[in-house]
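So this one's protein_20.cif, mmCIF, C-alpha atoms:
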```cif
data_coords
loop_
_atom_site.label_atom_id
_atom_site.label_comp_id
_atom_site.auth_asym_id
_atom_site.auth_seq_id
_atom_site.Cartn_x
_atom_site.Cartn_y
_atom_site.Cartn_z
CA MET A 1167 19.30 -12.48 2.22
CA ASP A 1168 18.29 -9.01 3.31
CA PRO A 1169 14.60 -8.07 3.63
CA ASP A 1170 14.63 -5.85 0.52
CA GLN A 1171 15.97 -8.65 -1.67
CA LEU A 1172 13.66 -11.22 -0.09
CA SER A 1173 10.68 -8.93 -0.72
CA LYS A 1174 11.62 -8.47 -4.38
CA HIS A 1175 12.01 -12.23 -4.88
CA PHE A 1176 8.68 -12.91 -3.21
CA VAL A 1177 6.91 -10.23 -5.27
CA GLU A 1178 8.39 -11.58 -8.52
CA HIS A 1179 7.31 -15.10 -7.57
CA TYR A 1180 3.82 -13.96 -6.61
CA TYR A 1181 3.09 -12.06 -9.85
CA THR A 1182 4.75 -14.65 -12.10
CA THR A 1183 2.46 -17.21 -10.50
CA PHE A 1184 -0.51 -14.87 -10.94
CA ASP A 1185 0.25 -14.34 -14.62
CA THR A 1186 1.19 -17.92 -15.60
CA ASN A 1187 -0.47 -20.37 -13.19
CA ARG A 1188 -3.15 -18.51 -11.27
CA LEU A 1189 -4.59 -21.65 -9.65
CA ALA A 1190 -1.28 -22.10 -7.80
CA LEU A 1191 -1.76 -18.79 -5.94
CA ILE A 1192 -3.63 -20.82 -3.31
CA ASN A 1193 -0.23 -22.09 -2.12
CA LEU A 1194 0.87 -18.54 -1.27
CA TYR A 1195 -1.97 -17.96 1.21
CA GLN A 1196 -2.86 -19.50 4.56
CA GLU A 1197 -6.12 -20.02 6.42
CA GLY A 1198 -5.56 -16.79 8.36
CA SER A 1199 -4.76 -14.76 5.23
CA MET A 1200 -6.99 -11.89 4.22
CA LEU A 1201 -7.32 -10.23 0.84
CA THR A 1202 -9.00 -6.83 0.56
CA PHE A 1203 -9.90 -6.45 -3.09
CA GLU A 1204 -11.51 -3.18 -4.18
CA GLY A 1205 -12.97 -2.82 -0.68
CA GLU A 1206 -14.20 -6.42 -0.34
CA LYS A 1207 -12.60 -8.47 2.49
CA ILE A 1208 -11.99 -12.14 1.64
CA GLN A 1209 -10.63 -14.57 4.24
CA GLY A 1210 -8.76 -17.87 3.84
CA ALA A 1211 -6.65 -19.46 1.10
CA GLN A 1212 -9.52 -21.19 -0.73
CA SER A 1213 -11.78 -18.12 -0.81
CA ILE A 1214 -8.93 -15.86 -1.92
CA SER A 1215 -7.97 -18.31 -4.67
CA ASN A 1216 -11.60 -18.52 -5.81
CA LYS A 1217 -11.77 -14.72 -6.01
CA LEU A 1218 -8.51 -14.29 -7.93
CA ASN A 1219 -9.41 -17.09 -10.34
CA SER A 1220 -12.86 -15.64 -11.01
CA LEU A 1221 -11.56 -12.26 -12.20
CA PRO A 1222 -13.00 -11.45 -15.62
CA PHE A 1223 -9.81 -11.87 -17.63
CA GLN A 1224 -7.80 -14.97 -18.49
CA GLN A 1225 -4.47 -13.47 -19.49
CA CYS A 1226 -2.68 -10.68 -17.74
CA LYS A 1227 0.80 -9.33 -17.21
CA HIS A 1228 1.82 -7.47 -14.07
CA ASN A 1229 4.70 -5.02 -14.55
CA ILE A 1230 6.28 -4.08 -11.22
CA SER A 1231 7.35 -0.46 -10.72
CA THR A 1232 8.31 -0.33 -7.02
CA VAL A 1233 8.77 -2.76 -4.13
CA ASP A 1234 9.25 -1.25 -0.67
CA CYS A 1235 9.43 -3.15 2.60
CA GLN A 1236 9.77 -2.07 6.18
CA PRO A 1237 9.27 -3.55 9.67
CA SER A 1238 5.61 -3.52 10.65
CA GLY A 1239 6.26 -2.59 14.25
CA LEU A 1240 4.96 -4.74 17.05
CA SER A 1241 5.55 -8.31 15.98
CA GLY A 1242 8.88 -8.43 14.20
CA GLY A 1243 6.85 -8.77 10.99
CA TRP A 1244 7.31 -6.87 7.77
CA VAL A 1245 5.04 -5.09 5.37
CA VAL A 1246 5.73 -5.03 1.63
CA PHE A 1247 4.22 -2.38 -0.64
CA VAL A 1248 4.09 -2.95 -4.39
CA SER A 1249 3.03 -0.66 -7.21
CA GLY A 1250 2.93 -1.26 -10.93
CA ASN A 1251 0.66 -1.64 -13.89
CA LEU A 1252 -1.43 -4.43 -15.32
CA GLN A 1253 -1.71 -5.26 -19.01
CA LEU A 1254 -4.87 -6.99 -20.18
CA PRO A 1255 -5.40 -8.41 -23.68
CA GLY A 1256 -7.31 -6.05 -25.94
CA GLU A 1257 -7.02 -3.13 -23.54
CA GLU A 1258 -5.30 -0.08 -24.92
CA HIS A 1259 -4.43 1.43 -21.54
CA LEU A 1260 -2.45 -0.02 -18.68
CA LEU A 1261 -4.27 -0.33 -15.38
CA LYS A 1262 -2.35 0.91 -12.38
CA PHE A 1263 -2.33 -1.40 -9.38
CA SER A 1264 -0.89 -1.46 -5.91
CA GLN A 1265 -0.84 -4.18 -3.26
CA VAL A 1266 0.28 -4.57 0.33
CA LYS A 1267 1.55 -7.83 1.78
CA PRO A 1268 1.51 -7.80 5.58
CA HIS A 1269 3.56 -10.59 7.13
CA MET B 130 -15.77 2.08 16.76
CA ASP B 131 -15.00 -0.58 14.16
CA PRO B 132 -11.56 -0.77 12.50
CA ASP B 133 -12.82 0.55 9.15
CA GLN B 134 -14.28 3.68 10.74
CA LEU B 135 -11.25 4.14 12.99
CA SER B 136 -8.94 3.88 9.95
CA LYS B 137 -10.93 6.48 8.02
CA HIS B 138 -10.88 8.90 10.96
CA PHE B 139 -7.14 8.42 11.41
CA VAL B 140 -6.45 8.91 7.70
CA GLU B 141 -8.56 12.09 7.60
CA HIS B 142 -6.73 13.40 10.67
CA TYR B 143 -3.31 12.52 9.22
CA TYR B 144 -3.82 14.25 5.86
CA THR B 145 -5.63 17.26 7.33
CA THR B 146 -2.61 17.71 9.60
CA PHE B 147 -0.28 17.24 6.62
CA ASP B 148 -2.12 19.87 4.56
CA THR B 149 -2.74 22.49 7.27
CA ASN B 150 -0.11 22.10 10.01
CA ARG B 151 2.68 19.92 8.70
CA LEU B 152 4.99 20.53 11.68
CA ALA B 153 2.44 18.75 13.89
CA LEU B 154 2.90 15.48 11.97
CA ILE B 155 5.71 14.72 14.42
CA ASN B 156 3.03 13.92 17.00
CA LEU B 157 1.68 11.11 14.83
CA TYR B 158 4.97 9.19 14.78
CA GLN B 159 6.99 7.42 17.46
CA GLU B 160 10.69 6.67 17.90
CA GLY B 161 10.20 3.23 16.36
CA SER B 162 8.24 4.55 13.37
CA MET B 163 9.64 4.14 9.90
CA LEU B 164 8.74 6.06 6.75
CA THR B 165 9.73 4.68 3.35
CA PHE B 166 9.50 7.61 0.96
CA GLU B 167 10.24 6.95 -2.71
CA GLY B 168 12.53 4.11 -1.68
CA GLU B 169 14.34 5.98 1.11
CA LYS B 170 13.93 4.54 4.64
CA ILE B 171 13.68 7.16 7.40
CA GLN B 172 13.50 6.15 11.08
CA GLY B 173 12.14 8.03 14.10
CA ALA B 174 9.61 10.81 14.66
CA GLN B 175 12.08 13.71 14.36
CA SER B 176 13.73 12.43 11.16
CA ILE B 177 10.37 11.67 9.55
CA SER B 178 9.07 15.12 10.46
CA ASN B 179 12.21 16.74 9.05
CA LYS B 180 11.74 14.83 5.78
CA LEU B 181 8.05 15.67 5.38
CA ASN B 182 8.65 19.32 6.25
CA SER B 183 11.49 19.61 3.74
CA LEU B 184 9.41 18.53 0.74
CA PRO B 185 9.69 21.12 -2.02
CA PHE B 186 6.17 22.51 -1.78
CA GLN B 187 4.51 24.61 0.90
CA GLN B 188 0.86 24.11 0.10
CA CYS B 189 -0.79 20.85 -0.82
CA LYS B 190 -4.16 19.16 -0.69
CA HIS B 191 -4.52 15.39 -0.36
CA ASN B 192 -7.76 14.00 -1.81
CA ILE B 193 -8.47 10.50 -0.48
CA SER B 194 -9.89 7.92 -2.90
CA THR B 195 -9.79 4.67 -0.90
CA VAL B 196 -9.04 3.57 2.67
CA ASP B 197 -8.76 -0.19 3.28
CA CYS B 198 -7.73 -1.85 6.53
CA GLN B 199 -7.20 -5.45 7.52
CA PRO B 200 -5.53 -7.41 10.33
CA SER B 201 -1.79 -7.66 9.76
CA GLY B 202 -1.55 -11.21 10.99
CA LEU B 203 0.78 -12.12 13.78
CA SER B 204 0.49 -9.37 16.33
CA GLY B 205 -3.14 -8.34 16.49
CA GLY B 206 -2.07 -5.22 14.58
CA TRP B 207 -3.68 -3.70 11.54
CA VAL B 208 -2.46 -2.36 8.25
CA VAL B 209 -4.19 0.56 6.54
CA PHE B 210 -3.82 1.19 2.81
CA VAL B 211 -4.66 4.61 1.37
CA SER B 212 -4.79 5.82 -2.20
CA GLY B 213 -5.64 9.23 -3.58
CA ASN B 214 -4.28 12.21 -5.37
CA LEU B 215 -2.27 15.24 -4.38
CA GLN B 216 -2.92 18.77 -5.61
CA LEU B 217 0.00 21.17 -5.67
CA PRO B 218 -0.25 24.91 -6.37
CA GLY B 219 0.57 25.76 -9.98
CA GLU B 220 0.50 22.13 -11.11
CA GLU B 221 -2.00 21.33 -13.80
CA HIS B 222 -2.11 17.59 -13.12
CA LEU B 223 -2.95 15.74 -9.95
CA LEU B 224 -0.23 13.47 -8.57
CA LYS B 225 -1.42 10.02 -7.57
CA PHE B 226 -0.23 8.83 -4.19
CA SER B 227 -0.61 5.77 -2.00
CA GLN B 228 0.51 5.10 1.54
CA VAL B 229 0.51 2.20 3.98
CA LYS B 230 0.21 2.62 7.74
CA PRO B 231 1.30 -0.52 9.61
CA HIS B 232 0.24 -0.55 13.26
#
```
Translate this structure into structure tokens?
Amino acid sequence: MDPDQLSKHFVEHYYTTFDTNRLALINLYQEGSMLTFEGEKIQGAQSISNKLNSLPFQQCKHNISTVDCQPSGLSGGWVVFVSGNLQLPGEEHLLKFSQVKPH
Amino acid sequence: MDPDQLSKHFVEHYYTTFDTNRLALINLYQEGSMLTFEGEKIQGAQSISNKLNSLPFQQCKHNISTVDCQPSGLSGGWVVFVSGNLQLPGEEHLLKFSQVKPH
């Protein structure tokens, strides 16, 4: 599977998990993972899961607009860039979001 | 200098160059660099410079909203995520932009 397709599958899996079974997001992070969320740096799978599960909304729906991936240079790794919008119950407007997944 | 400060200085330098001396952007890329621009992958300093200098506007002003950096994992590298808006002459609305700089 080429990197573009793999990235799209991963992104779909990540946001479906986020929107339907947020506690299971912990399985998509490792001890060395870092999440930067609105400027706050959060390290490790358990801490990241705690943060994402403490967000002040229970239901949400991520709509993906773009998924771009490219080699990240030195290590043979890849970086995936996602943009889209987030629907929250009772909110009239969509929230725009974007996220980067270094690998 | 810590990585957050270094990232902010680099981002300021990058967009000041973009807005005031776009031909000099070539100096901020290497042969192995890749730009993904609206889904199109462009490789190498000369090709990236050609792309950025062929955009259909002469004057622009990037206003930076956020700069986040974090380790990219395997290689000791970093990834920098930037969001902001772009002012173009004669355009009433600001264009939102975001960019990732893997290192």
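The closest residue to Phe1263 in chain A, picked from A:Phe1176, A:Phe1203, A:Tyr1195, A:Trp1244 and counting only C-alpha atoms, is A:Phe1203.
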Name the closest residue to chain B among the candidates A:Pro1222, A:Gly1256, A:Pro1169, A:Gly1205; distances are taken between atoms, counting all atoms listed in the file. A:Gly1205
Apply the PyMOL selection byres ((chain B) within 10 of (chain A)) to the structure shown and report the selected residues as a PyMOL selection string. chain B and resi 161-170+195-210+212+227-232
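Put simply, CA of Asp1170 in chain A is 21.0 Å away from CA of Phe1184 in chain A.
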Is it possible to get the superposed chain A, fitted on chain B over all Cα pairs by sequence order, as a CSV table (one decimal) with C-alpha atoms, in the coordinates of the input?
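Written out: out33.csv:
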```csv
chain,number,residue,atom,x,y,z
A,1167,MET,CA,-15.7,2.1,16.8
A,1168,ASP,CA,-15.0,-0.6,14.2
A,1169,PRO,CA,-11.6,-0.8,12.5
A,1170,ASP,CA,-12.8,0.6,9.2
A,1171,GLN,CA,-14.3,3.7,10.8
A,1172,LEU,CA,-11.2,4.2,13.0
A,1173,SER,CA,-9.0,3.9,10.0
A,1174,LYS,CA,-10.9,6.5,8.0
A,1175,HIS,CA,-10.9,8.9,11.0
A,1176,PHE,CA,-7.1,8.4,11.4
A,1177,VAL,CA,-6.5,8.9,7.7
A,1178,GLU,CA,-8.6,12.1,7.6
A,1179,HIS,CA,-6.7,13.4,10.7
A,1180,TYR,CA,-3.3,12.5,9.2
A,1181,TYR,CA,-3.8,14.3,5.9
A,1182,THR,CA,-5.6,17.3,7.3
A,1183,THR,CA,-2.6,17.7,9.6
A,1184,PHE,CA,-0.3,17.2,6.6
A,1185,ASP,CA,-2.1,19.9,4.6
A,1186,THR,CA,-2.7,22.5,7.3
A,1187,ASN,CA,-0.1,22.1,10.0
A,1188,ARG,CA,2.7,19.9,8.7
A,1189,LEU,CA,5.0,20.5,11.7
A,1190,ALA,CA,2.4,18.8,13.9
A,1191,LEU,CA,2.9,15.5,12.0
A,1192,ILE,CA,5.7,14.7,14.4
A,1193,ASN,CA,3.0,13.9,17.0
A,1194,LEU,CA,1.7,11.1,14.8
A,1195,TYR,CA,5.0,9.2,14.8
A,1196,GLN,CA,7.0,7.4,17.5
A,1197,GLU,CA,10.7,6.7,17.9
A,1198,GLY,CA,10.2,3.2,16.4
A,1199,SER,CA,8.2,4.6,13.4
A,1200,MET,CA,9.6,4.1,9.9
A,1201,LEU,CA,8.7,6.1,6.8
A,1202,THR,CA,9.7,4.7,3.3
A,1203,PHE,CA,9.5,7.6,1.0
A,1204,GLU,CA,10.2,7.0,-2.7
A,1205,GLY,CA,12.5,4.1,-1.7
A,1206,GLU,CA,14.3,6.0,1.1
A,1207,LYS,CA,13.9,4.5,4.6
A,1208,ILE,CA,13.7,7.2,7.4
A,1209,GLN,CA,13.5,6.2,11.1
A,1210,GLY,CA,12.1,8.0,14.1
A,1211,ALA,CA,9.6,10.8,14.6
A,1212,GLN,CA,12.1,13.7,14.3
A,1213,SER,CA,13.7,12.4,11.2
A,1214,ILE,CA,10.4,11.7,9.5
A,1215,SER,CA,9.1,15.1,10.5
A,1216,ASN,CA,12.2,16.7,9.0
A,1217,LYS,CA,11.7,14.8,5.8
A,1218,LEU,CA,8.0,15.7,5.4
A,1219,ASN,CA,8.6,19.3,6.2
A,1220,SER,CA,11.5,19.6,3.7
A,1221,LEU,CA,9.4,18.5,0.7
A,1222,PRO,CA,9.7,21.1,-2.0
A,1223,PHE,CA,6.2,22.5,-1.8
A,1224,GLN,CA,4.5,24.6,0.9
A,1225,GLN,CA,0.8,24.1,0.1
A,1226,CYS,CA,-0.8,20.9,-0.8
A,1227,LYS,CA,-4.2,19.1,-0.7
A,1228,HIS,CA,-4.5,15.4,-0.4
A,1229,ASN,CA,-7.8,14.0,-1.8
A,1230,ILE,CA,-8.5,10.5,-0.5
A,1231,SER,CA,-9.9,7.9,-2.9
A,1232,THR,CA,-9.8,4.7,-0.9
A,1233,VAL,CA,-9.1,3.6,2.7
A,1234,ASP,CA,-8.8,-0.2,3.3
A,1235,CYS,CA,-7.7,-1.8,6.5
A,1236,GLN,CA,-7.2,-5.4,7.5
A,1237,PRO,CA,-5.5,-7.4,10.3
A,1238,SER,CA,-1.8,-7.7,9.8
A,1239,GLY,CA,-1.5,-11.2,11.0
A,1240,LEU,CA,0.8,-12.1,13.8
A,1241,SER,CA,0.5,-9.4,16.3
A,1242,GLY,CA,-3.1,-8.4,16.5
A,1243,GLY,CA,-2.1,-5.2,14.6
A,1244,TRP,CA,-3.7,-3.7,11.6
A,1245,VAL,CA,-2.5,-2.4,8.3
A,1246,VAL,CA,-4.2,0.6,6.5
A,1247,PHE,CA,-3.8,1.2,2.8
A,1248,VAL,CA,-4.7,4.6,1.4
A,1249,SER,CA,-4.8,5.8,-2.2
A,1250,GLY,CA,-5.7,9.2,-3.6
A,1251,ASN,CA,-4.3,12.2,-5.4
A,1252,LEU,CA,-2.3,15.2,-4.4
A,1253,GLN,CA,-2.9,18.8,-5.6
A,1254,LEU,CA,0.0,21.2,-5.7
A,1255,PRO,CA,-0.2,24.9,-6.4
A,1256,GLY,CA,0.6,25.8,-10.0
A,1257,GLU,CA,0.5,22.1,-11.1
A,1258,GLU,CA,-2.0,21.3,-13.8
A,1259,HIS,CA,-2.1,17.6,-13.1
A,1260,LEU,CA,-2.9,15.7,-10.0
A,1261,LEU,CA,-0.2,13.5,-8.6
A,1262,LYS,CA,-1.4,10.0,-7.6
A,1263,PHE,CA,-0.2,8.8,-4.2
A,1264,SER,CA,-0.6,5.8,-2.0
A,1265,GLN,CA,0.5,5.1,1.6
A,1266,VAL,CA,0.5,2.2,4.0
A,1267,LYS,CA,0.2,2.6,7.7
A,1268,PRO,CA,1.3,-0.5,9.6
A,1269,HIS,CA,0.3,-0.6,13.2
```
State, in Å with one decimal place, the distance from CA of Asn1251 in chain A to CA of Asn1229 in chain A.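 CA of Asn1229 in chain A lies at a distance of 5.3 Å from CA of Asn1251 in chain A.
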For the file shown, what are the residues hit by the PyMOL selection byres ((chain B and resi 215) around 7), laid out as JSON, numbers by chain? {"B": [189, 190, 191, 192, 213, 214, 216, 217, 223, 224, 225, 226]}
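Rounded to one decimal, CA of Ile1192 in chain A and CA of Ser1220 in chain A lie 13.1 Å from each other.
Using all atoms listed in the file for every distance, the candidate list B:Ser194, B:Asn156, B:Asn179, B:Gln187 yields B:Asn156 as the residue closest to Tyr143 in chain B.
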Could you put an axis-aligned box around every listed atom of range 1193-1202 of chain A, padded by 3 Å on each side, and send me its centre and edge lengths in Å to one decimal, as JSON?
```
{"center_x": -4.1, "center_y": -14.5, "center_z": 3.1, "size_x": 15.9, "size_y": 21.3, "size_z": 16.5}
```
Selection near Gln1196 in chain A, 10 Å with only C-alpha atoms, sequence-local residues under 6 positions removed, as a ChimeraX atom specification: /A:1209-1212,1214
Write a file of the selected residues as a PDB file, in the coordinates of the input, keeping C-alpha atoms.
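Contents of the output file again.pdb:
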```pdb
ATOM      1  CA  GLN A1209     -10.630 -14.570   4.240  1.00  0.00           C
ATOM      2  CA  GLY A1210      -8.760 -17.870   3.840  1.00  0.00           C
ATOM      3  CA  ALA A1211      -6.650 -19.460   1.100  1.00  0.00           C
ATOM      4  CA  GLN A1212      -9.520 -21.190  -0.730  1.00  0.00           C
ATOM      5  CA  ILE A1214      -8.930 -15.860  -1.920  1.00  0.00           C
TER       6      ILE A1214
END
```
Kindly output range 133-160 of chain B as a PDB file, keeping the file's coordinate frame, after building N, CA and C atoms.
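Writing done, so here's part.pdb:
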```pdb
ATOM      1  N   ASP B 133     -12.671  -0.221  10.394  1.00  0.00           N
ATOM      2  CA  ASP B 133     -12.820   0.550   9.150  1.00  0.00           C
ATOM      3  C   ASP B 133     -13.061   2.025   9.454  1.00  0.00           C
ATOM      4  N   GLN B 134     -13.978   2.282  10.388  1.00  0.00           N
ATOM      5  CA  GLN B 134     -14.280   3.680  10.740  1.00  0.00           C
ATOM      6  C   GLN B 134     -13.074   4.351  11.398  1.00  0.00           C
ATOM      7  N   LEU B 135     -12.422   3.601  12.301  1.00  0.00           N
ATOM      8  CA  LEU B 135     -11.250   4.140  12.990  1.00  0.00           C
ATOM      9  C   LEU B 135     -10.156   4.499  11.974  1.00  0.00           C
ATOM     10  N   SER B 136      -9.953   3.617  10.989  1.00  0.00           N
ATOM     11  CA  SER B 136      -8.940   3.880   9.950  1.00  0.00           C
ATOM     12  C   SER B 136      -9.269   5.139   9.179  1.00  0.00           C
ATOM     13  N   LYS B 137     -10.540   5.293   8.794  1.00  0.00           N
ATOM     14  CA  LYS B 137     -10.930   6.480   8.020  1.00  0.00           C
ATOM     15  C   LYS B 137     -10.716   7.752   8.820  1.00  0.00           C
ATOM     16  N   HIS B 138     -11.085   7.718  10.118  1.00  0.00           N
ATOM     17  CA  HIS B 138     -10.880   8.900  10.960  1.00  0.00           C
ATOM     18  C   HIS B 138      -9.392   9.221  11.077  1.00  0.00           C
ATOM     19  N   PHE B 139      -8.571   8.172  11.284  1.00  0.00           N
ATOM     20  CA  PHE B 139      -7.140   8.420  11.410  1.00  0.00           C
ATOM     21  C   PHE B 139      -6.568   9.021  10.126  1.00  0.00           C
ATOM     22  N   VAL B 140      -6.968   8.448   8.993  1.00  0.00           N
ATOM     23  CA  VAL B 140      -6.450   8.910   7.700  1.00  0.00           C
ATOM     24  C   VAL B 140      -6.860  10.366   7.445  1.00  0.00           C
ATOM     25  N   GLU B 141      -8.114  10.692   7.747  1.00  0.00           N
ATOM     26  CA  GLU B 141      -8.560  12.090   7.600  1.00  0.00           C
ATOM     27  C   GLU B 141      -7.740  13.013   8.483  1.00  0.00           C
ATOM     28  N   HIS B 142      -7.508  12.586   9.735  1.00  0.00           N
ATOM     29  CA  HIS B 142      -6.730  13.400  10.670  1.00  0.00           C
ATOM     30  C   HIS B 142      -5.290  13.574  10.163  1.00  0.00           C
ATOM     31  N   TYR B 143      -4.703  12.473   9.681  1.00  0.00           N
ATOM     32  CA  TYR B 143      -3.310  12.520   9.220  1.00  0.00           C
ATOM     33  C   TYR B 143      -3.145  13.511   8.064  1.00  0.00           C
ATOM     34  N   TYR B 144      -4.010  13.412   7.055  1.00  0.00           N
ATOM     35  CA  TYR B 144      -3.820  14.250   5.860  1.00  0.00           C
ATOM     36  C   TYR B 144      -4.298  15.690   6.085  1.00  0.00           C
ATOM     37  N   THR B 145      -5.272  15.891   6.966  1.00  0.00           N
ATOM     38  CA  THR B 145      -5.630  17.260   7.330  1.00  0.00           C
ATOM     39  C   THR B 145      -4.456  17.934   8.037  1.00  0.00           C
ATOM     40  N   THR B 146      -3.808  17.178   8.934  1.00  0.00           N
ATOM     41  CA  THR B 146      -2.610  17.710   9.600  1.00  0.00           C
ATOM     42  C   THR B 146      -1.520  18.002   8.573  1.00  0.00           C
ATOM     43  N   PHE B 147      -1.299  17.059   7.659  1.00  0.00           N
ATOM     44  CA  PHE B 147      -0.280  17.240   6.620  1.00  0.00           C
ATOM     45  C   PHE B 147      -0.544  18.525   5.824  1.00  0.00           C
ATOM     46  N   ASP B 148      -1.789  18.768   5.476  1.00  0.00           N
ATOM     47  CA  ASP B 148      -2.120  19.870   4.560  1.00  0.00           C
ATOM     48  C   ASP B 148      -2.236  21.225   5.269  1.00  0.00           C
ATOM     49  N   THR B 149      -2.467  21.217   6.590  1.00  0.00           N
ATOM     50  CA  THR B 149      -2.740  22.490   7.270  1.00  0.00           C
ATOM     51  C   THR B 149      -1.733  22.827   8.358  1.00  0.00           C
ATOM     52  N   ASN B 150      -1.019  21.845   8.878  1.00  0.00           N
ATOM     53  CA  ASN B 150      -0.110  22.100  10.010  1.00  0.00           C
ATOM     54  C   ASN B 150       0.972  21.038  10.010  1.00  0.00           C
ATOM     55  N   ARG B 151       1.802  21.064   8.963  1.00  0.00           N
ATOM     56  CA  ARG B 151       2.680  19.920   8.700  1.00  0.00           C
ATOM     57  C   ARG B 151       3.670  19.665   9.828  1.00  0.00           C
ATOM     58  N   LEU B 152       4.059  20.733  10.561  1.00  0.00           N
ATOM     59  CA  LEU B 152       4.990  20.530  11.680  1.00  0.00           C
ATOM     60  C   LEU B 152       4.408  19.622  12.754  1.00  0.00           C
ATOM     61  N   ALA B 153       3.076  19.580  12.854  1.00  0.00           N
ATOM     62  CA  ALA B 153       2.440  18.750  13.890  1.00  0.00           C
ATOM     63  C   ALA B 153       2.409  17.263  13.532  1.00  0.00           C
ATOM     64  N   LEU B 154       2.838  16.909  12.322  1.00  0.00           N
ATOM     65  CA  LEU B 154       2.900  15.480  11.970  1.00  0.00           C
ATOM     66  C   LEU B 154       3.806  14.705  12.918  1.00  0.00           C
ATOM     67  N   ILE B 155       4.776  15.407  13.514  1.00  0.00           N
ATOM     68  CA  ILE B 155       5.710  14.720  14.420  1.00  0.00           C
ATOM     69  C   ILE B 155       4.963  14.000  15.547  1.00  0.00           C
ATOM     70  N   ASN B 156       3.805  14.530  15.917  1.00  0.00           N
ATOM     71  CA  ASN B 156       3.030  13.920  17.000  1.00  0.00           C
ATOM     72  C   ASN B 156       2.361  12.612  16.595  1.00  0.00           C
ATOM     73  N   LEU B 157       2.330  12.332  15.306  1.00  0.00           N
ATOM     74  CA  LEU B 157       1.680  11.110  14.830  1.00  0.00           C
ATOM     75  C   LEU B 157       2.684   9.984  14.574  1.00  0.00           C
ATOM     76  N   TYR B 158       3.935  10.221  14.911  1.00  0.00           N
ATOM     77  CA  TYR B 158       4.970   9.190  14.780  1.00  0.00           C
ATOM     78  C   TYR B 158       5.625   8.936  16.126  1.00  0.00           C
ATOM     79  N   GLN B 159       6.264   7.761  16.246  1.00  0.00           N
ATOM     80  CA  GLN B 159       6.990   7.420  17.460  1.00  0.00           C
ATOM     81  C   GLN B 159       8.450   7.167  17.122  1.00  0.00           C
ATOM     82  N   GLU B 160       9.265   6.911  18.152  1.00  0.00           N
ATOM     83  CA  GLU B 160      10.690   6.670  17.900  1.00  0.00           C
ATOM     84  C   GLU B 160      10.913   5.452  17.017  1.00  0.00           C
TER      85      GLU B 160
END
```
